[in-house]
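Listing of query-v1.pdb, PDB, C-alpha atoms
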MODEL        1
ATOM      1  CA  MET A 146      36.253 -56.539 -79.545  1.00  0.00           C
ATOM      2  CA  LYS A 147      34.649 -56.500 -76.114  1.00  0.00           C
ATOM      3  CA  HIS A 148      33.078 -53.114 -76.847  1.00  0.00           C
ATOM      4  CA  TYR A 149      31.355 -54.423 -79.974  1.00  0.00           C
ATOM      5  CA  SER A 150      29.945 -57.462 -78.220  1.00  0.00           C
ATOM      6  CA  PHE A 151      28.748 -55.281 -75.325  1.00  0.00           C
ATOM      7  CA  ILE A 152      27.001 -52.897 -77.726  1.00  0.00           C
ATOM      8  CA  LEU A 153      25.472 -55.838 -79.575  1.00  0.00           C
ATOM      9  CA  LEU A 154      24.236 -57.270 -76.274  1.00  0.00           C
ATOM     10  CA  LEU A 155      22.659 -53.912 -75.356  1.00  0.00           C
ATOM     11  CA  LEU A 156      20.910 -53.746 -78.730  1.00  0.00           C
ATOM     12  CA  LEU A 157      19.544 -57.267 -78.332  1.00  0.00           C
ATOM     13  CA  VAL A 158      18.291 -56.556 -74.807  1.00  0.00           C
ATOM     14  CA  GLY A 159      16.702 -53.284 -75.990  1.00  0.00           C
ATOM     15  CA  THR A 160      14.985 -55.066 -78.874  1.00  0.00           C
ATOM     16  CA  PHE A 161      13.723 -57.761 -76.504  1.00  0.00           C
ATOM     17  CA  PHE A 162      12.191 -55.226 -74.105  1.00  0.00           C
ATOM     18  CA  SER A 163      10.701 -53.132 -76.900  1.00  0.00           C
ATOM     19  CA  ASN A 164       9.044 -56.283 -78.274  1.00  0.00           C
ATOM     20  CA  LEU A 165       7.643 -57.073 -74.832  1.00  0.00           C
ATOM     21  CA  ARG A 166       6.197 -53.571 -74.594  1.00  0.00           C
ATOM     22  CA  ALA A 167       4.763 -53.852 -78.093  1.00  0.00           C
ATOM     23  CA  GLN A 168       2.536 -56.801 -77.109  1.00  0.00           C
ATOM     24  CA  ASP A 169       0.545 -55.137 -74.372  1.00  0.00           C
ATOM     25  CA  LEU A 170      -2.410 -53.568 -76.225  1.00  0.00           C
ATOM     26  CA  VAL A 171      -5.755 -55.356 -75.976  1.00  0.00           C
ATOM     27  CA  VAL A 172      -8.861 -54.424 -77.962  1.00  0.00           C
ATOM     28  CA  TYR A 173     -11.618 -53.421 -75.537  1.00  0.00           C
ATOM     29  CA  SER A 174     -14.198 -52.047 -77.954  1.00  0.00           C
ATOM     30  CA  VAL A 175     -14.736 -51.683 -81.711  1.00  0.00           C
ATOM     31  CA  THR A 176     -17.354 -49.408 -83.248  1.00  0.00           C
ATOM     32  CA  GLY A 177     -17.832 -49.258 -87.004  1.00  0.00           C
ATOM     33  CA  THR A 178     -15.456 -50.766 -89.554  1.00  0.00           C
ATOM     34  CA  VAL A 179     -11.934 -51.280 -88.190  1.00  0.00           C
ATOM     35  CA  LYS A 180      -9.557 -53.565 -90.101  1.00  0.00           C
ATOM     36  CA  LEU A 181      -6.089 -54.904 -89.344  1.00  0.00           C
ATOM     37  CA  MET A 182      -3.874 -54.539 -92.413  1.00  0.00           C
ATOM     38  CA  LYS A 183      -1.257 -57.225 -93.192  1.00  0.00           C
ATOM     39  CA  GLY A 184       0.391 -56.493 -96.517  1.00  0.00           C
ATOM     40  CA  ARG A 185      -2.360 -56.467 -99.123  1.00  0.00           C
ATOM     41  CA  THR A 186      -4.835 -58.384 -96.977  1.00  0.00           C
ATOM     42  CA  SER A 187      -7.048 -57.131 -94.193  1.00  0.00           C
ATOM     43  CA  SER A 188      -9.163 -58.670 -91.451  1.00  0.00           C
ATOM     44  CA  ASN A 189     -11.740 -57.290 -89.058  1.00  0.00           C
ATOM     45  CA  ILE A 190     -10.460 -56.412 -85.596  1.00  0.00           C
ATOM     46  CA  THR A 191     -12.368 -58.125 -82.814  1.00  0.00           C
ATOM     47  CA  ILE A 192     -12.750 -57.625 -79.086  1.00  0.00           C
ATOM     48  CA  ARG A 193     -10.025 -59.276 -76.978  1.00  0.00           C
ATOM     49  CA  GLN A 194      -7.584 -59.254 -79.907  1.00  0.00           C
ATOM     50  CA  LYS A 195      -3.998 -58.350 -79.020  1.00  0.00           C
ATOM     51  CA  LEU A 196      -2.238 -55.698 -81.096  1.00  0.00           C
ATOM     52  CA  ASN A 197       1.066 -53.877 -80.905  1.00  0.00           C
ATOM     53  CA  ARG A 198       2.110 -50.329 -81.703  1.00  0.00           C
ATOM     54  CA  GLU A 199       3.478 -51.396 -85.093  1.00  0.00           C
ATOM     55  CA  SER A 200       0.143 -52.900 -86.185  1.00  0.00           C
ATOM     56  CA  ILE A 201      -1.403 -51.087 -89.148  1.00  0.00           C
ATOM     57  CA  VAL A 202      -5.134 -50.450 -88.869  1.00  0.00           C
ATOM     58  CA  ASN A 203      -7.725 -48.905 -91.148  1.00  0.00           C
ATOM     59  CA  LEU A 204     -10.550 -47.013 -89.448  1.00  0.00           C
ATOM     60  CA  GLY A 205     -13.604 -46.295 -91.573  1.00  0.00           C
ATOM     61  CA  ALA A 206     -15.648 -43.116 -91.324  1.00  0.00           C
ATOM     62  CA  GLY A 207     -17.119 -42.813 -87.827  1.00  0.00           C
ATOM     63  CA  ALA A 208     -15.221 -45.871 -86.573  1.00  0.00           C
ATOM     64  CA  LYS A 209     -13.751 -46.024 -83.088  1.00  0.00           C
ATOM     65  CA  LEU A 210     -11.192 -48.393 -81.563  1.00  0.00           C
ATOM     66  CA  VAL A 211     -10.663 -48.542 -77.785  1.00  0.00           C
ATOM     67  CA  LEU A 212      -7.433 -50.181 -76.596  1.00  0.00           C
ATOM     68  CA  ILE A 213      -6.194 -51.064 -73.111  1.00  0.00           C
ATOM     69  CA  ASP A 214      -2.466 -50.756 -72.388  1.00  0.00           C
ATOM     70  CA  GLN A 215      -1.774 -52.913 -69.330  1.00  0.00           C
ATOM     71  CA  THR A 216       1.842 -51.795 -68.933  1.00  0.00           C
ATOM     72  CA  GLU A 217       1.168 -48.066 -68.923  1.00  0.00           C
ATOM     73  CA  LYS A 218      -2.282 -48.506 -67.303  1.00  0.00           C
ATOM     74  CA  LYS A 219      -4.025 -46.434 -69.967  1.00  0.00           C
ATOM     75  CA  GLN A 220      -7.072 -46.620 -72.176  1.00  0.00           C
ATOM     76  CA  TYR A 221      -6.814 -45.150 -75.683  1.00  0.00           C
ATOM     77  CA  THR A 222      -9.779 -44.179 -77.850  1.00  0.00           C
ATOM     78  CA  LEU A 223      -8.702 -43.973 -81.499  1.00  0.00           C
ATOM     79  CA  SER A 224     -11.044 -42.492 -84.076  1.00  0.00           C
ATOM     80  CA  SER A 225      -9.017 -40.908 -86.923  1.00  0.00           C
ATOM     81  CA  THR A 226     -10.351 -42.033 -90.295  1.00  0.00           C
ATOM     82  CA  GLY A 227      -7.708 -43.646 -92.513  1.00  0.00           C
ATOM     83  CA  THR A 228      -4.865 -46.158 -92.410  1.00  0.00           C
ATOM     84  CA  PHE A 229      -2.261 -45.649 -89.674  1.00  0.00           C
ATOM     85  CA  SER A 230      -0.012 -47.556 -87.319  1.00  0.00           C
ATOM     86  CA  ILE A 231      -1.404 -47.886 -83.796  1.00  0.00           C
ATOM     87  CA  GLY A 232       1.655 -46.044 -82.432  1.00  0.00           C
ATOM     88  CA  LYS A 233       0.977 -43.045 -84.683  1.00  0.00           C
ATOM     89  CA  LEU A 234      -2.718 -43.003 -83.738  1.00  0.00           C
ATOM     90  CA  ILE A 235      -1.856 -43.126 -80.036  1.00  0.00           C
ATOM     91  CA  ALA A 236       0.652 -40.290 -80.425  1.00  0.00           C
ATOM     92  CA  SER A 237      -1.886 -38.116 -82.264  1.00  0.00           C
ATOM     93  CA  SER A 238      -4.726 -38.796 -79.818  1.00  0.00           C
ATOM     94  CA  GLN A 239      -3.025 -38.322 -76.442  1.00  0.00           C
ATOM     95  CA  SER A 240      -5.900 -36.088 -75.357  1.00  0.00           C
ATOM     96  CA  SER A 241      -8.227 -39.093 -75.453  1.00  0.00           C
ATOM     97  CA  ALA A 242      -5.916 -41.263 -73.334  1.00  0.00           C
ATOM     98  CA  LYS A 243      -7.265 -42.085 -69.884  1.00  0.00           C
ATOM     99  CA  SER A 244      -5.123 -43.189 -66.971  1.00  0.00           C
ATOM    100  CA  LEU A 245      -6.535 -46.223 -65.201  1.00  0.00           C
ATOM    101  CA  SER A 246      -6.308 -47.090 -61.531  1.00  0.00           C
ATOM    102  CA  ASP A 247      -5.069 -50.566 -60.614  1.00  0.00           C
ATOM    103  CA  MET A 248      -8.541 -51.556 -59.463  1.00  0.00           C
ATOM    104  CA  TYR A 249     -10.298 -50.341 -62.626  1.00  0.00           C
ATOM    105  CA  LEU A 250      -7.638 -51.916 -64.867  1.00  0.00           C
ATOM    106  CA  SER A 251      -8.159 -55.198 -63.033  1.00  0.00           C
ATOM    107  CA  TYR A 252     -11.927 -54.883 -63.556  1.00  0.00           C
ATOM    108  CA  LEU A 253     -11.478 -54.200 -67.286  1.00  0.00           C
ATOM    109  CA  MET A 254      -9.093 -57.121 -67.732  1.00  0.00           C
ATOM    110  CA  LYS A 255     -11.531 -59.463 -65.958  1.00  0.00           C
ATOM    111  CA  GLN A 256     -14.212 -58.292 -68.375  1.00  0.00           C
ATOM    112  CA  ILE A 257     -11.931 -58.778 -71.361  1.00  0.00           C
ATOM    113  CA  ASN A 258     -10.704 -62.215 -70.283  1.00  0.00           C
ATOM    114  CA  GLY A 259     -14.075 -63.405 -69.010  1.00  0.00           C
ATOM    115  CA  LYS A 260     -17.121 -64.451 -70.908  1.00  0.00           C
ATOM    116  CA  GLY A 261     -20.076 -62.306 -71.777  1.00  0.00           C
ATOM    117  CA  VAL A 262     -20.685 -58.851 -73.090  1.00  0.00           C
ATOM    118  CA  LEU A 263     -18.171 -56.115 -72.450  1.00  0.00           C
ATOM    119  CA  THR A 264     -19.610 -52.921 -71.019  1.00  0.00           C
ATOM    120  CA  SER A 265     -17.947 -49.626 -70.345  1.00  0.00           C
ATOM    121  CA  LYS A 266     -17.951 -47.847 -66.991  1.00  0.00           C
ATOM    122  CA  THR A 267     -20.331 -45.191 -68.321  1.00  0.00           C
ATOM    123  CA  ALA A 268     -22.808 -47.878 -69.419  1.00  0.00           C
ATOM    124  CA  ILE A 269     -22.740 -49.321 -65.911  1.00  0.00           C
ATOM    125  CA  ASP A 270     -23.190 -45.882 -64.348  1.00  0.00           C
ATOM    126  CA  ASP A 271     -26.176 -45.217 -66.601  1.00  0.00           C
ATOM    127  CA  THR A 272     -28.009 -48.287 -65.294  1.00  0.00           C
ATOM    128  CA  TYR A 273     -28.294 -46.922 -61.762  1.00  0.00           C
ATOM    129  CA  ALA A 274     -30.549 -44.028 -60.822  1.00  0.00           C
ATOM    130  CA  SER A 275     -29.970 -41.595 -58.027  1.00  0.00           C
ATOM    131  CA  ILE A 276     -32.632 -39.781 -56.061  1.00  0.00           C
ATOM    132  CA  GLU A 277     -32.206 -36.441 -54.370  1.00  0.00           C
ATOM    133  CA  ARG A 278     -34.571 -35.508 -51.591  1.00  0.00           C
ATOM    134  CA  ASP A 279     -35.396 -32.204 -49.975  1.00  0.00           C
ATOM    135  CA  THR A 280     -35.526 -31.848 -46.221  1.00  0.00           C
ATOM    136  CA  ASN A 281     -39.315 -31.494 -46.530  1.00  0.00           C
ATOM    137  CA  ASP A 282     -39.526 -34.926 -48.189  1.00  0.00           C
ATOM    138  CA  SER A 283     -38.512 -36.796 -45.066  1.00  0.00           C
ATOM    139  CA  LEU A 284     -41.060 -38.874 -43.222  1.00  0.00           C
ATOM    140  CA  PHE A 285     -39.389 -37.935 -39.973  1.00  0.00           C
ATOM    141  CA  SER A 286     -39.439 -34.225 -40.565  1.00  0.00           C
ATOM    142  CA  GLU A 287     -39.571 -32.174 -37.384  1.00  0.00           C
ATOM    143  CA  ALA A 288     -41.795 -29.581 -38.981  1.00  0.00           C
ATOM    144  CA  GLU A 289     -45.352 -29.268 -37.641  1.00  0.00           C
ATOM    145  CA  PRO A 290     -47.990 -30.527 -40.016  1.00  0.00           C
ATOM    146  CA  GLN A 291     -49.810 -27.718 -41.783  1.00  0.00           C
ATOM    147  CA  ILE A 292     -53.592 -27.797 -41.326  1.00  0.00           C
ATOM    148  CA  ASP A 293     -55.726 -25.665 -43.551  1.00  0.00           C
ATOM    149  CA  THR A 294     -58.145 -23.837 -41.244  1.00  0.00           C
ATOM    150  CA  ASN A 295     -59.822 -21.872 -44.015  1.00  0.00           C
ATOM    151  CA  ILE A 296     -62.037 -24.729 -45.104  1.00  0.00           C
ATOM    152  CA  ASN A 297     -65.518 -23.655 -46.105  1.00  0.00           C
ATOM    153  CA  THR A 298     -67.825 -25.606 -43.773  1.00  0.00           C
ATOM    154  CA  THR A 299     -71.160 -24.031 -44.760  1.00  0.00           C
ATOM    155  CA  PRO A 300     -73.448 -26.332 -46.691  1.00  0.00           C
ATOM    156  CA  GLN A 301     -74.533 -25.272 -50.123  1.00  0.00           C
TER     157      GLN A 301
ENDMDL
END
Write the structure described by the file as structure tokens, please.
Amino acid sequence: MKHYSFILLLLLVGTFFSNLRAQDLVVYSVTGTVKLMKGRTSSNITIRQKLNRESIVNLGAGAKLVLIDQTEKKQYTLSSTGTFSIGKLIASSQSSAKSLSDMYLSYLMKQINGKGVLTSKTAIDDTYASIERDTNDSLFSEAEPQIDTNINTTPQ
């Protein structure tokens, strides 16, 4: 009898931890038509919405869903057209999964939980310009100034 209760306890603990893990996906970005399916009804997925791996989503043609997994510190970009569970989409698109550093994950979560428009890292990088200079561009160049001595000085 003790063995059965121990096995039952292990199953309950395993179910509890799998449910905790299932709640850690947050919608970072939605492009196109992406719907959350619940039975015969559907609703649009919005930024900051929490999903789990068992959630069924429908991605329209050209649609893209970007999710943040806080537990695994990953960002998933899902773009397969059709109706799938999030877990199946993640498994089929492992090549688009990005590992996130603690600092970047913290930055993303502050964006998600804060107010205002969400922007991606690439959008931020695109707003700053960089300038490359040659050694001849410096104001403090050690090169002697070049004077053109072949100037025609005869009046016309």
Using all atoms listed in the file, which protein or nucleic acid residues come within 10 Å of Ser174 of chain A? Drop anything in the same chain fewer than 4 positions from it, and give the result as a PyMOL selection string. chain A and resi 190-194+209-213+222+257+263-265
Might you pull out every residue within 7 Å of Thr178 of chain A, with all atoms listed in the file counted and same-chain residues fewer than 5 positions away left off, and present them as a ChimeraX atom specification? /A:204-205,208
Quick one: apply the PyMOL selection byres ((chain A and resi 224) around 12) to the file and drop the selected residues here as a short mmCIF file (atom, residue, chain, number, x, y, z; two decimals) with C-alpha atoms, in the frame of the given file.
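selection32.cif, written as the output of this step:
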data_model
loop_
_atom_site.label_atom_id
_atom_site.label_comp_id
_atom_site.auth_asym_id
_atom_site.auth_seq_id
_atom_site.Cartn_x
_atom_site.Cartn_y
_atom_site.Cartn_z
CA SER A 174 -14.20 -52.05 -77.95
CA VAL A 175 -14.74 -51.68 -81.71
CA THR A 176 -17.35 -49.41 -83.25
CA GLY A 177 -17.83 -49.26 -87.00
CA THR A 178 -15.46 -50.77 -89.55
CA VAL A 179 -11.93 -51.28 -88.19
CA VAL A 202 -5.13 -50.45 -88.87
CA ASN A 203 -7.72 -48.90 -91.15
CA LEU A 204 -10.55 -47.01 -89.45
CA GLY A 205 -13.60 -46.30 -91.57
CA ALA A 206 -15.65 -43.12 -91.32
CA GLY A 207 -17.12 -42.81 -87.83
CA ALA A 208 -15.22 -45.87 -86.57
CA LYS A 209 -13.75 -46.02 -83.09
CA LEU A 210 -11.19 -48.39 -81.56
CA VAL A 211 -10.66 -48.54 -77.78
CA LEU A 212 -7.43 -50.18 -76.60
CA TYR A 221 -6.81 -45.15 -75.68
CA THR A 222 -9.78 -44.18 -77.85
CA LEU A 223 -8.70 -43.97 -81.50
CA SER A 225 -9.02 -40.91 -86.92
CA THR A 226 -10.35 -42.03 -90.30
CA GLY A 227 -7.71 -43.65 -92.51
CA THR A 228 -4.86 -46.16 -92.41
CA PHE A 229 -2.26 -45.65 -89.67
CA ILE A 231 -1.40 -47.89 -83.80
CA LEU A 234 -2.72 -43.00 -83.74
CA ILE A 235 -1.86 -43.13 -80.04
CA SER A 237 -1.89 -38.12 -82.26
CA SER A 238 -4.73 -38.80 -79.82
CA GLN A 239 -3.02 -38.32 -76.44
CA SER A 240 -5.90 -36.09 -75.36
CA SER A 241 -8.23 -39.09 -75.45
CA ALA A 242 -5.92 -41.26 -73.33
#
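As for atom CA of Val171 of chain A and atom CA of Met248 of chain A, they are spaced 17.2 Å apart.
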Asp247 of chain A environment, 12 Å, only C-alpha atoms, sequence neighbours closer than 5 positions dropped, as a PyMOL selection string: chain A and resi 215-219+252-254
Smallest atom-to-atom distance to Lys233 of chain A: which of A:Gln220, A:Leu250, A:Gln256, A:Asn197, using only C-alpha atoms?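 Checking each candidate against Lys233 of chain A, we get A:Asn197 as the closest.
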Can you work out the spacing between atom CA of Leu170 of chain A and atom CA of Arg198 of chain A in Å, to one decimal? 7.8 Å
Go ahead and compute the interatomic distance for atom CA of Lys195 of chain A and atom CA of Tyr249 of chain A, in Å to one decimal.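 According to the coordinates, atom CA of Lys195 of chain A and atom CA of Tyr249 of chain A are separated by 19.3 Å.
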Nearest to Gly184 of chain A, chosen from A:Lys255, A:Ile201, A:Asp214, A:Asp169, with all atoms listed in the file counted in the distances: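 Looking at the shortest contact to Gly184 of chain A, the residue is A:Ile201.
Compared by their closest atoms to Val172 of chain A, and using all atoms listed in the file, the residues A:Leu196, A:Ala236, A:Arg185, A:Ser246 rank with A:Leu196 nearest.
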Give me segment 167-188 of chain A with N, CA and C atoms filled in, as a compact mmCIF listing (two decimals), in the frame of the given file.
# COMPACT_ATOMS: atom_id res chain seq x y z
N ALA A 167 5.61 -53.95 -76.92
CA ALA A 167 4.76 -53.85 -78.09
C ALA A 167 3.57 -54.80 -78.02
N GLN A 168 3.59 -55.80 -77.16
CA GLN A 168 2.54 -56.80 -77.11
C GLN A 168 1.47 -56.52 -76.06
N ASP A 169 1.43 -55.34 -75.51
CA ASP A 169 0.55 -55.14 -74.37
C ASP A 169 -0.70 -54.31 -74.66
N LEU A 170 -1.17 -54.27 -75.89
CA LEU A 170 -2.41 -53.57 -76.22
C LEU A 170 -3.51 -54.59 -76.51
N VAL A 171 -4.63 -54.44 -75.81
CA VAL A 171 -5.76 -55.36 -75.98
C VAL A 171 -6.97 -54.56 -76.45
N VAL A 172 -7.68 -55.10 -77.43
CA VAL A 172 -8.86 -54.42 -77.96
C VAL A 172 -10.00 -54.57 -76.96
N TYR A 173 -10.51 -53.44 -76.49
CA TYR A 173 -11.62 -53.42 -75.54
C TYR A 173 -12.95 -53.22 -76.25
N SER A 174 -12.95 -52.36 -77.28
CA SER A 174 -14.20 -52.05 -77.95
C SER A 174 -13.91 -51.65 -79.40
N VAL A 175 -14.82 -52.05 -80.30
CA VAL A 175 -14.74 -51.68 -81.71
C VAL A 175 -16.10 -51.17 -82.14
N THR A 176 -16.12 -49.98 -82.72
CA THR A 176 -17.35 -49.41 -83.25
C THR A 176 -17.12 -49.08 -84.72
N GLY A 177 -18.00 -49.52 -85.58
CA GLY A 177 -17.83 -49.26 -87.00
C GLY A 177 -16.90 -50.27 -87.65
N THR A 178 -16.34 -49.88 -88.80
CA THR A 178 -15.46 -50.77 -89.55
C THR A 178 -14.01 -50.46 -89.21
N VAL A 179 -13.35 -51.40 -88.54
CA VAL A 179 -11.93 -51.28 -88.19
C VAL A 179 -11.25 -52.56 -88.66
N LYS A 180 -10.24 -52.40 -89.52
CA LYS A 180 -9.56 -53.56 -90.10
C LYS A 180 -8.07 -53.54 -89.76
N LEU A 181 -7.52 -54.73 -89.55
CA LEU A 181 -6.09 -54.90 -89.34
C LEU A 181 -5.48 -55.20 -90.70
N MET A 182 -4.50 -54.40 -91.10
CA MET A 182 -3.87 -54.54 -92.41
C MET A 182 -2.60 -55.36 -92.28
N LYS A 183 -2.47 -56.40 -93.12
CA LYS A 183 -1.26 -57.22 -93.19
C LYS A 183 -0.91 -57.35 -94.66
N GLY A 184 0.04 -56.51 -95.10
CA GLY A 184 0.39 -56.49 -96.52
C GLY A 184 -0.79 -56.01 -97.33
N ARG A 185 -1.22 -56.84 -98.28
CA ARG A 185 -2.36 -56.47 -99.12
C ARG A 185 -3.68 -57.04 -98.61
N THR A 186 -3.62 -57.80 -97.53
CA THR A 186 -4.84 -58.38 -96.98
C THR A 186 -5.27 -57.62 -95.73
N SER A 187 -6.53 -57.77 -95.40
CA SER A 187 -7.05 -57.13 -94.19
C SER A 187 -8.04 -58.07 -93.52
N SER A 188 -8.19 -57.88 -92.21
CA SER A 188 -9.16 -58.67 -91.45
C SER A 188 -9.81 -57.75 -90.42
